[in-house]
file structure29.txt (compact mmCIF, N, CA and C atoms)
# COMPACT_ATOMS: atom_id res chain seq x y z
N MET M 1 37.36 344.29 98.91
CA MET M 1 36.86 343.56 100.07
C MET M 1 37.99 342.64 100.56
N ASN M 2 38.24 342.66 101.86
CA ASN M 2 39.30 341.78 102.36
C ASN M 2 38.83 340.33 102.40
N LYS M 3 39.80 339.41 102.45
CA LYS M 3 39.48 337.99 102.33
C LYS M 3 38.56 337.52 103.45
N ARG M 4 38.81 337.94 104.68
CA ARG M 4 37.98 337.50 105.82
C ARG M 4 36.54 337.96 105.63
N LYS M 5 36.35 339.22 105.24
CA LYS M 5 35.00 339.73 105.04
C LYS M 5 34.31 338.96 103.91
N TYR M 6 35.04 338.66 102.83
CA TYR M 6 34.49 337.90 101.72
C TYR M 6 34.02 336.52 102.21
N ILE M 7 34.85 335.86 102.97
CA ILE M 7 34.54 334.51 103.46
C ILE M 7 33.29 334.52 104.33
N LEU M 8 33.14 335.52 105.16
CA LEU M 8 32.02 335.55 106.09
C LEU M 8 30.74 336.09 105.46
N GLU M 9 30.85 336.85 104.35
CA GLU M 9 29.66 337.48 103.79
C GLU M 9 29.24 336.96 102.42
N TYR M 10 30.14 336.33 101.67
CA TYR M 10 29.80 335.87 100.33
C TYR M 10 28.71 334.81 100.41
N GLU M 11 27.67 334.99 99.65
CA GLU M 11 26.46 334.18 99.73
C GLU M 11 26.71 332.67 99.72
N PHE M 12 27.57 332.18 98.84
CA PHE M 12 27.77 330.74 98.71
C PHE M 12 28.72 330.17 99.76
N ASP M 13 29.40 331.04 100.48
CA ASP M 13 30.33 330.57 101.50
C ASP M 13 29.83 330.81 102.92
N ARG M 14 28.74 331.50 103.08
CA ARG M 14 28.20 331.78 104.42
C ARG M 14 27.61 330.52 105.02
N ALA M 15 28.06 330.16 106.21
CA ALA M 15 27.52 328.99 106.91
C ALA M 15 26.04 329.20 107.22
N SER M 16 25.64 330.44 107.43
CA SER M 16 24.24 330.72 107.76
C SER M 16 23.29 330.38 106.62
N SER M 17 23.81 330.24 105.39
CA SER M 17 22.94 329.89 104.26
C SER M 17 22.30 328.51 104.45
N PHE M 18 22.91 327.68 105.28
CA PHE M 18 22.33 326.36 105.59
C PHE M 18 20.92 326.52 106.16
N PHE M 19 20.72 327.55 106.97
CA PHE M 19 19.43 327.74 107.65
C PHE M 19 18.36 328.33 106.73
N ASP M 20 18.75 328.67 105.50
CA ASP M 20 17.78 329.10 104.49
C ASP M 20 17.16 327.90 103.77
N LEU M 21 17.76 326.72 103.94
CA LEU M 21 17.23 325.51 103.32
C LEU M 21 15.95 325.07 104.03
N PRO M 22 15.08 324.35 103.35
CA PRO M 22 13.90 323.79 104.02
C PRO M 22 14.33 322.87 105.17
N LYS M 23 13.56 322.86 106.24
CA LYS M 23 13.89 322.06 107.43
C LYS M 23 14.13 320.59 107.10
N GLU M 24 13.32 320.04 106.22
CA GLU M 24 13.46 318.63 105.85
C GLU M 24 14.84 318.36 105.23
N ARG M 25 15.28 319.27 104.39
CA ARG M 25 16.60 319.11 103.76
C ARG M 25 17.71 319.31 104.79
N GLN M 26 17.53 320.26 105.69
CA GLN M 26 18.52 320.45 106.77
C GLN M 26 18.71 319.16 107.56
N LEU M 27 17.60 318.55 107.94
CA LEU M 27 17.67 317.30 108.71
C LEU M 27 18.32 316.18 107.92
N LYS M 28 18.03 316.11 106.63
CA LYS M 28 18.63 315.07 105.79
C LYS M 28 20.15 315.22 105.77
N ILE M 29 20.64 316.44 105.61
CA ILE M 29 22.09 316.68 105.55
C ILE M 29 22.73 316.41 106.90
N ILE M 30 22.11 316.85 107.98
CA ILE M 30 22.66 316.61 109.31
C ILE M 30 22.67 315.11 109.61
N ASN M 31 21.63 314.41 109.23
CA ASN M 31 21.61 312.95 109.42
C ASN M 31 22.73 312.27 108.64
N TRP M 32 22.98 312.73 107.42
CA TRP M 32 24.08 312.19 106.62
C TRP M 32 25.42 312.41 107.33
N ILE M 33 25.62 313.59 107.87
CA ILE M 33 26.85 313.90 108.60
C ILE M 33 27.01 312.97 109.79
N HIS M 34 25.95 312.82 110.59
CA HIS M 34 26.01 311.95 111.77
C HIS M 34 26.19 310.48 111.38
N MET M 35 25.66 310.10 110.23
CA MET M 35 25.76 308.71 109.79
C MET M 35 27.20 308.34 109.41
N TYR M 36 27.96 309.29 108.86
CA TYR M 36 29.27 308.96 108.31
C TYR M 36 30.47 309.54 109.06
N PHE M 37 30.33 310.65 109.73
CA PHE M 37 31.50 311.32 110.29
C PHE M 37 31.63 311.14 111.80
N ILE M 38 32.83 310.79 112.21
CA ILE M 38 33.16 310.65 113.63
C ILE M 38 33.98 311.87 114.02
N PRO M 39 33.53 312.60 115.05
CA PRO M 39 34.31 313.77 115.47
C PRO M 39 35.58 313.37 116.24
N ILE M 40 36.60 314.18 116.08
CA ILE M 40 37.83 314.01 116.86
C ILE M 40 38.07 315.33 117.60
N LYS M 41 39.07 315.37 118.46
CA LYS M 41 39.28 316.55 119.30
C LYS M 41 39.71 317.80 118.53
N SER M 42 40.57 317.63 117.53
CA SER M 42 41.08 318.81 116.82
C SER M 42 40.74 318.73 115.33
N CYS M 43 40.84 319.87 114.67
CA CYS M 43 40.56 319.92 113.23
C CYS M 43 41.58 319.10 112.47
N ASN M 44 41.12 318.46 111.43
CA ASN M 44 41.95 317.59 110.61
C ASN M 44 42.32 318.34 109.33
N TYR M 45 43.47 319.00 109.34
CA TYR M 45 43.90 319.79 108.19
C TYR M 45 44.50 318.94 107.08
N GLN M 46 44.80 317.70 107.36
CA GLN M 46 45.41 316.83 106.36
C GLN M 46 44.36 316.17 105.47
N GLU M 47 43.13 316.22 105.89
CA GLU M 47 42.07 315.57 105.12
C GLU M 47 41.22 316.60 104.40
N MET M 48 40.11 316.20 103.92
CA MET M 48 39.25 316.95 103.04
C MET M 48 38.70 318.24 103.66
N SER M 49 38.65 319.28 102.84
CA SER M 49 38.07 320.56 103.26
C SER M 49 36.55 320.54 103.05
N SER M 50 35.92 321.63 103.44
CA SER M 50 34.46 321.75 103.28
C SER M 50 34.05 321.58 101.82
N TYR M 51 34.86 322.07 100.90
CA TYR M 51 34.52 321.96 99.48
C TYR M 51 34.52 320.50 99.03
N GLY M 52 35.48 319.73 99.49
CA GLY M 52 35.51 318.31 99.17
C GLY M 52 34.35 317.56 99.81
N LEU M 53 34.00 317.95 101.04
CA LEU M 53 32.89 317.29 101.74
C LEU M 53 31.57 317.54 101.03
N LYS M 54 31.39 318.74 100.50
CA LYS M 54 30.14 319.04 99.77
C LYS M 54 30.03 318.14 98.54
N HIS M 55 31.16 317.88 97.89
CA HIS M 55 31.14 316.98 96.72
C HIS M 55 30.88 315.54 97.14
N LEU M 56 31.36 315.14 98.31
CA LEU M 56 31.03 313.80 98.81
C LEU M 56 29.53 313.66 99.03
N TYR M 57 28.92 314.68 99.62
CA TYR M 57 27.47 314.66 99.83
C TYR M 57 26.74 314.55 98.50
N GLU M 58 27.11 315.40 97.54
CA GLU M 58 26.45 315.37 96.23
C GLU M 58 26.63 314.01 95.55
N GLY M 59 27.80 313.42 95.68
CA GLY M 59 28.05 312.09 95.11
C GLY M 59 27.23 311.02 95.80
N TRP M 60 27.06 311.14 97.11
CA TRP M 60 26.27 310.18 97.87
C TRP M 60 24.81 310.24 97.42
N VAL M 61 24.27 311.45 97.29
CA VAL M 61 22.88 311.61 96.84
C VAL M 61 22.71 311.03 95.44
N ARG M 62 23.65 311.32 94.56
CA ARG M 62 23.58 310.81 93.18
C ARG M 62 23.62 309.29 93.17
N LYS M 63 24.47 308.71 94.00
CA LYS M 63 24.63 307.26 94.00
C LYS M 63 23.47 306.54 94.67
N PHE M 64 23.02 307.04 95.81
CA PHE M 64 22.02 306.30 96.59
C PHE M 64 20.59 306.79 96.45
N GLU M 65 20.41 307.98 95.88
CA GLU M 65 19.05 308.46 95.64
C GLU M 65 18.76 308.61 94.15
N GLY M 66 19.80 308.46 93.34
CA GLY M 66 19.62 308.52 91.89
C GLY M 66 19.22 309.87 91.37
N LYS M 67 19.63 310.93 92.05
CA LYS M 67 19.29 312.28 91.59
C LYS M 67 20.45 313.22 91.86
N ARG M 68 20.38 314.39 91.25
CA ARG M 68 21.39 315.42 91.50
C ARG M 68 20.83 316.40 92.51
N GLU M 69 21.66 316.74 93.48
CA GLU M 69 21.25 317.69 94.51
C GLU M 69 22.44 318.58 94.82
N TYR M 70 22.32 319.84 94.47
CA TYR M 70 23.41 320.79 94.70
C TYR M 70 23.44 321.20 96.17
N LEU M 71 24.65 321.31 96.71
CA LEU M 71 24.87 321.81 98.06
C LEU M 71 26.02 322.80 97.97
N SER M 72 25.81 324.02 98.42
CA SER M 72 26.89 325.00 98.35
C SER M 72 27.91 324.73 99.44
N ASN M 73 29.08 325.29 99.27
CA ASN M 73 30.13 325.17 100.27
C ASN M 73 29.66 325.75 101.61
N GLY M 74 29.00 326.89 101.57
CA GLY M 74 28.48 327.52 102.79
C GLY M 74 27.42 326.67 103.48
N GLU M 75 26.54 326.07 102.70
CA GLU M 75 25.51 325.20 103.28
C GLU M 75 26.14 324.01 103.98
N LEU M 76 27.19 323.45 103.36
CA LEU M 76 27.89 322.33 104.00
C LEU M 76 28.53 322.78 105.31
N LYS M 77 29.17 323.94 105.31
CA LYS M 77 29.80 324.45 106.54
C LYS M 77 28.75 324.63 107.63
N GLY M 78 27.63 325.24 107.30
CA GLY M 78 26.57 325.44 108.28
C GLY M 78 26.03 324.13 108.82
N ALA M 79 25.90 323.14 107.95
CA ALA M 79 25.42 321.82 108.38
C ALA M 79 26.41 321.17 109.34
N MET M 80 27.70 321.31 109.04
CA MET M 80 28.72 320.73 109.93
C MET M 80 28.66 321.39 111.31
N PHE M 81 28.52 322.71 111.35
CA PHE M 81 28.40 323.40 112.63
C PHE M 81 27.13 322.98 113.36
N ALA M 82 26.02 322.90 112.63
CA ALA M 82 24.74 322.50 113.23
C ALA M 82 24.80 321.08 113.77
N ALA M 83 25.62 320.23 113.14
CA ALA M 83 25.77 318.84 113.57
C ALA M 83 26.75 318.70 114.73
N GLY M 84 27.35 319.82 115.16
CA GLY M 84 28.23 319.79 116.32
C GLY M 84 29.71 319.71 116.03
N PHE M 85 30.11 319.82 114.77
CA PHE M 85 31.53 319.79 114.42
C PHE M 85 32.10 321.20 114.51
N SER M 86 33.42 321.29 114.59
CA SER M 86 34.05 322.60 114.72
C SER M 86 35.14 322.78 113.66
N SER M 87 35.51 324.05 113.44
CA SER M 87 36.55 324.41 112.48
C SER M 87 37.37 325.54 113.07
N ASN M 88 38.68 325.42 112.99
CA ASN M 88 39.56 326.50 113.46
C ASN M 88 39.91 327.49 112.36
N ASP M 89 39.67 327.13 111.10
CA ASP M 89 40.06 328.01 109.99
C ASP M 89 38.86 328.55 109.20
N TYR M 90 37.68 328.52 109.78
CA TYR M 90 36.47 328.98 109.09
C TYR M 90 36.57 330.44 108.67
N GLU M 91 37.12 331.27 109.52
CA GLU M 91 37.16 332.70 109.22
C GLU M 91 38.32 333.11 108.31
N ILE M 92 39.21 332.19 108.00
CA ILE M 92 40.36 332.56 107.18
C ILE M 92 40.47 331.77 105.88
N ASN M 93 39.71 330.70 105.73
CA ASN M 93 39.77 329.89 104.51
C ASN M 93 38.38 329.69 103.93
N ASN M 94 38.24 329.88 102.62
CA ASN M 94 36.97 329.59 101.95
C ASN M 94 36.60 328.13 102.16
N ASN M 95 37.59 327.26 102.03
CA ASN M 95 37.38 325.82 102.16
C ASN M 95 37.99 325.38 103.49
N CYS M 96 37.21 325.48 104.54
CA CYS M 96 37.73 325.20 105.88
C CYS M 96 37.73 323.71 106.18
N HIS M 97 38.37 323.36 107.26
CA HIS M 97 38.51 321.98 107.70
C HIS M 97 37.78 321.76 109.01
N PHE M 98 37.36 320.53 109.23
CA PHE M 98 36.59 320.19 110.43
C PHE M 98 37.27 319.09 111.22
N ASN M 99 36.77 318.87 112.40
CA ASN M 99 37.31 317.83 113.29
C ASN M 99 36.68 316.47 112.96
N ILE M 100 37.04 315.95 111.79
CA ILE M 100 36.51 314.67 111.30
C ILE M 100 37.64 313.65 111.30
N SER M 101 37.34 312.46 111.77
CA SER M 101 38.37 311.42 111.79
C SER M 101 38.68 310.94 110.37
N LYS M 102 39.93 310.61 110.16
CA LYS M 102 40.38 310.11 108.86
C LYS M 102 39.69 308.78 108.54
N SER M 103 39.49 307.94 109.55
CA SER M 103 38.86 306.63 109.30
C SER M 103 37.43 306.77 108.82
N SER M 104 36.70 307.77 109.32
CA SER M 104 35.32 307.93 108.85
C SER M 104 35.30 308.43 107.41
N LEU M 105 36.23 309.28 107.04
CA LEU M 105 36.32 309.72 105.64
C LEU M 105 36.71 308.56 104.73
N ASN M 106 37.63 307.73 105.19
CA ASN M 106 38.04 306.57 104.39
C ASN M 106 36.87 305.63 104.16
N LEU M 107 36.06 305.40 105.19
CA LEU M 107 34.90 304.53 105.06
C LEU M 107 33.91 305.09 104.05
N LEU M 108 33.65 306.38 104.11
CA LEU M 108 32.72 306.99 103.16
C LEU M 108 33.25 306.88 101.73
N HIS M 109 34.54 307.08 101.55
CA HIS M 109 35.14 306.90 100.21
C HIS M 109 34.95 305.47 99.72
N LYS M 110 35.14 304.49 100.60
CA LYS M 110 34.95 303.09 100.20
C LYS M 110 33.51 302.83 99.79
N ILE M 111 32.58 303.38 100.55
CA ILE M 111 31.16 303.20 100.23
C ILE M 111 30.83 303.83 98.88
N LEU M 112 31.32 305.03 98.65
CA LEU M 112 31.04 305.71 97.38
C LEU M 112 31.71 305.03 96.20
N ASN M 113 32.81 304.36 96.43
CA ASN M 113 33.52 303.67 95.35
C ASN M 113 33.11 302.21 95.21
N SER M 114 32.16 301.77 96.03
CA SER M 114 31.72 300.37 95.96
C SER M 114 30.83 300.14 94.74
N GLU M 115 30.49 298.90 94.53
CA GLU M 115 29.67 298.54 93.37
C GLU M 115 28.18 298.81 93.58
N TYR M 116 27.77 299.12 94.79
CA TYR M 116 26.36 299.36 95.06
C TYR M 116 25.91 300.65 94.39
N ARG M 117 24.75 300.59 93.81
CA ARG M 117 24.21 301.75 93.07
C ARG M 117 22.73 301.91 93.39
N TYR M 118 22.23 303.06 93.02
CA TYR M 118 20.79 303.34 93.13
C TYR M 118 20.05 302.49 92.11
N VAL M 119 18.97 301.91 92.54
CA VAL M 119 18.12 301.13 91.64
C VAL M 119 16.72 301.68 91.75
N ASN M 120 16.16 302.08 90.62
CA ASN M 120 14.81 302.61 90.60
C ASN M 120 13.85 301.42 90.48
N ALA M 121 13.12 301.14 91.54
CA ALA M 121 12.22 299.99 91.57
C ALA M 121 11.00 300.16 90.68
N ASP M 122 10.75 301.40 90.24
CA ASP M 122 9.59 301.67 89.39
C ASP M 122 9.82 301.29 87.94
N LYS M 123 11.06 300.99 87.56
CA LYS M 123 11.34 300.68 86.16
C LYS M 123 11.48 299.20 85.95

call {"tool": "encode", "arguments": {"input": "structure29.txt", "output": "C-alpha cells"}}
result
Amino acid sequence: MNKRKYILEYEFDRASSFFDLPKERQLKIINWIHMYFIPIKSCNYQEMSSYGLKHLYEGWVRKFEGKREYLSNGELKGAMFAAGFSSNDYEINNNCHFNISKSSLNLLHKILNSEYRYVNADK
C-alpha cells in the first residue's frame, strides 16, 4: 500500500473517524479547539503536528477532568477540520500540521504546565 493511500484509509489516521464519535464528544473536542487555538493564514510547520495536538488534548482532559480519554490522531485531524482549521500536508504526512498560531500553542503549554489541577469535590 502506498503511503498516501495508507494515510487516507488507515482507521486511526482517517479524519473521518472523528464523525464516528458521539455528537457530545465531537462538540467537546471542537469547543476545546476553539477555546485554545487561534487560526493563522498558513500552516505552521515549525510547531506541533496532529499527533502532538492529540496528546495535548489527552493531557488537558487528564488535568482538568481527572480522567483518561483516548483520542486518535485521525479523530484529532477530523476535529481540526470540523473546527475550520486547514492543513496543507494532510494527504502526505501521518502527522500533519495545521494553521495554528505559535502563541496559542505556547499559552496552552503554560496552562498544562501550571500548578492548577483537577480536584474531585466528592472526596

call {"tool": "closest_residue", "arguments": {"input": "structure29.txt", "among": "M:Tyr51, M:Tyr70, M:Tyr45, M:Trp60", "to": "Leu112 of chain M", "atoms": "all atoms listed in the file"}}
result
M:Trp60

call {"tool": "atom_distance", "arguments": {"input": "structure29.txt", "atom1": "atom CA of Cys96 of chain M", "atom2": "atom C of Lys23 of chain M"}}
result
24.1 Å

call {"tool": "residues_near_point", "arguments": {"input": "structure29.txt", "point": "(33.6, 328.2, 111.2)", "cutoff": "8 Å", "atoms": "only N, CA and C atoms", "output": "PyMOL selection string"}}
result
chain M and resi 15+77-78+81+85-92+96-97

call {"tool": "select_by_dssp", "arguments": {"input": "structure29.txt", "residues": "segment 10-118 of chain M", "states": "alpha helix (DSSP H)", "output": "compact mmCIF listing (two decimals) with N, CA and C atoms, in the coordinates of the input"}}
result
# COMPACT_ATOMS: atom_id res chain seq x y z
N LYS M 23 13.56 322.86 106.24
CA LYS M 23 13.89 322.06 107.43
C LYS M 23 14.13 320.59 107.10
N GLU M 24 13.32 320.04 106.22
CA GLU M 24 13.46 318.63 105.85
C GLU M 24 14.84 318.36 105.23
N ARG M 25 15.28 319.27 104.39
CA ARG M 25 16.60 319.11 103.76
C ARG M 25 17.71 319.31 104.79
N GLN M 26 17.53 320.26 105.69
CA GLN M 26 18.52 320.45 106.77
C GLN M 26 18.71 319.16 107.56
N LEU M 27 17.60 318.55 107.94
CA LEU M 27 17.67 317.30 108.71
C LEU M 27 18.32 316.18 107.92
N LYS M 28 18.03 316.11 106.63
CA LYS M 28 18.63 315.07 105.79
C LYS M 28 20.15 315.22 105.77
N ILE M 29 20.64 316.44 105.61
CA ILE M 29 22.09 316.68 105.55
C ILE M 29 22.73 316.41 106.90
N ILE M 30 22.11 316.85 107.98
CA ILE M 30 22.66 316.61 109.31
C ILE M 30 22.67 315.11 109.61
N ASN M 31 21.63 314.41 109.23
CA ASN M 31 21.61 312.95 109.42
C ASN M 31 22.73 312.27 108.64
N TRP M 32 22.98 312.73 107.42
CA TRP M 32 24.08 312.19 106.62
C TRP M 32 25.42 312.41 107.33
N ILE M 33 25.62 313.59 107.87
CA ILE M 33 26.85 313.90 108.60
C ILE M 33 27.01 312.97 109.79
N HIS M 34 25.95 312.82 110.59
CA HIS M 34 26.01 311.95 111.77
C HIS M 34 26.19 310.48 111.38
N MET M 35 25.66 310.10 110.23
CA MET M 35 25.76 308.71 109.79
C MET M 35 27.20 308.34 109.41
N TYR M 36 27.96 309.29 108.86
CA TYR M 36 29.27 308.96 108.31
C TYR M 36 30.47 309.54 109.06
N SER M 50 35.92 321.63 103.44
CA SER M 50 34.46 321.75 103.28
C SER M 50 34.05 321.58 101.82
N TYR M 51 34.86 322.07 100.90
CA TYR M 51 34.52 321.96 99.48
C TYR M 51 34.52 320.50 99.03
N GLY M 52 35.48 319.73 99.49
CA GLY M 52 35.51 318.31 99.17
C GLY M 52 34.35 317.56 99.81
N LEU M 53 34.00 317.95 101.04
CA LEU M 53 32.89 317.29 101.74
C LEU M 53 31.57 317.54 101.03
N LYS M 54 31.39 318.74 100.50
CA LYS M 54 30.14 319.04 99.77
C LYS M 54 30.03 318.14 98.54
N HIS M 55 31.16 317.88 97.89
CA HIS M 55 31.14 316.98 96.72
C HIS M 55 30.88 315.54 97.14
N LEU M 56 31.36 315.14 98.31
CA LEU M 56 31.03 313.80 98.81
C LEU M 56 29.53 313.66 99.03
N TYR M 57 28.92 314.68 99.62
CA TYR M 57 27.47 314.66 99.83
C TYR M 57 26.74 314.55 98.50
N GLU M 58 27.11 315.40 97.54
CA GLU M 58 26.45 315.37 96.23
C GLU M 58 26.63 314.01 95.55
N GLY M 59 27.80 313.42 95.68
CA GLY M 59 28.05 312.09 95.11
C GLY M 59 27.23 311.02 95.80
N TRP M 60 27.06 311.14 97.11
CA TRP M 60 26.27 310.18 97.87
C TRP M 60 24.81 310.24 97.42
N VAL M 61 24.27 311.45 97.29
CA VAL M 61 22.88 311.61 96.84
C VAL M 61 22.71 311.03 95.44
N ARG M 62 23.65 311.32 94.56
CA ARG M 62 23.58 310.81 93.18
C ARG M 62 23.62 309.29 93.17
N LYS M 63 24.47 308.71 94.00
CA LYS M 63 24.63 307.26 94.00
C LYS M 63 23.47 306.54 94.67
N PHE M 64 23.02 307.04 95.81
CA PHE M 64 22.02 306.30 96.59
C PHE M 64 20.59 306.79 96.45
N GLU M 65 20.41 307.98 95.88
CA GLU M 65 19.05 308.46 95.64
C GLU M 65 18.76 308.61 94.15
N ASN M 73 29.08 325.29 99.27
CA ASN M 73 30.13 325.17 100.27
C ASN M 73 29.66 325.75 101.61
N GLY M 74 29.00 326.89 101.57
CA GLY M 74 28.48 327.52 102.79
C GLY M 74 27.42 326.67 103.48
N GLU M 75 26.54 326.07 102.70
CA GLU M 75 25.51 325.20 103.28
C GLU M 75 26.14 324.01 103.98
N LEU M 76 27.19 323.45 103.36
CA LEU M 76 27.89 322.33 104.00
C LEU M 76 28.53 322.78 105.31
N LYS M 77 29.17 323.94 105.31
CA LYS M 77 29.80 324.45 106.54
C LYS M 77 28.75 324.63 107.63
N GLY M 78 27.63 325.24 107.30
CA GLY M 78 26.57 325.44 108.28
C GLY M 78 26.03 324.13 108.82
N ALA M 79 25.90 323.14 107.95
CA ALA M 79 25.42 321.82 108.38
C ALA M 79 26.41 321.17 109.34
N MET M 80 27.70 321.31 109.04
CA MET M 80 28.72 320.73 109.93
C MET M 80 28.66 321.39 111.31
N PHE M 81 28.52 322.71 111.35
CA PHE M 81 28.40 323.40 112.63
C PHE M 81 27.13 322.98 113.36
N ALA M 82 26.02 322.90 112.63
CA ALA M 82 24.74 322.50 113.23
C ALA M 82 24.80 321.08 113.77
N LYS M 102 39.93 310.61 110.16
CA LYS M 102 40.38 310.11 108.86
C LYS M 102 39.69 308.78 108.54
N SER M 103 39.49 307.94 109.55
CA SER M 103 38.86 306.63 109.30
C SER M 103 37.43 306.77 108.82
N SER M 104 36.70 307.77 109.32
CA SER M 104 35.32 307.93 108.85
C SER M 104 35.30 308.43 107.41
N LEU M 105 36.23 309.28 107.04
CA LEU M 105 36.32 309.72 105.64
C LEU M 105 36.71 308.56 104.73
N ASN M 106 37.63 307.73 105.19
CA ASN M 106 38.04 306.57 104.39
C ASN M 106 36.87 305.63 104.16
N LEU M 107 36.06 305.40 105.19
CA LEU M 107 34.90 304.53 105.06
C LEU M 107 33.91 305.09 104.05
N LEU M 108 33.65 306.38 104.11
CA LEU M 108 32.72 306.99 103.16
C LEU M 108 33.25 306.88 101.73
N HIS M 109 34.54 307.08 101.55
CA HIS M 109 35.14 306.90 100.21
C HIS M 109 34.95 305.47 99.72
N LYS M 110 35.14 304.49 100.60
CA LYS M 110 34.95 303.09 100.20
C LYS M 110 33.51 302.83 99.79
N ILE M 111 32.58 303.38 100.55
CA ILE M 111 31.16 303.20 100.23
C ILE M 111 30.83 303.83 98.88
N LEU M 112 31.32 305.03 98.65
CA LEU M 112 31.04 305.71 97.38
C LEU M 112 31.71 305.03 96.20

call {"tool": "residues_around", "arguments": {"input": "structure29.txt", "residues": "segment 100-108 of chain M", "least_positions_apart": "4", "cutoff": "5 Å", "atoms": "only N, CA and C atoms", "output": "ChimeraX atom specification"}}
result
/M:38-40,44,112

call {"tool": "atom_distance", "arguments": {"input": "structure29.txt", "atom1": "atom CA of Ile111 of chain M", "atom2": "atom CA of Leu71 of chain M"}}
result
19.8 Å

call {"tool": "atom_distance", "arguments": {"input": "structure29.txt", "atom1": "atom CA of Ile33 of chain M", "atom2": "atom CA of Arg68 of chain M"}}
result
18.0 Å
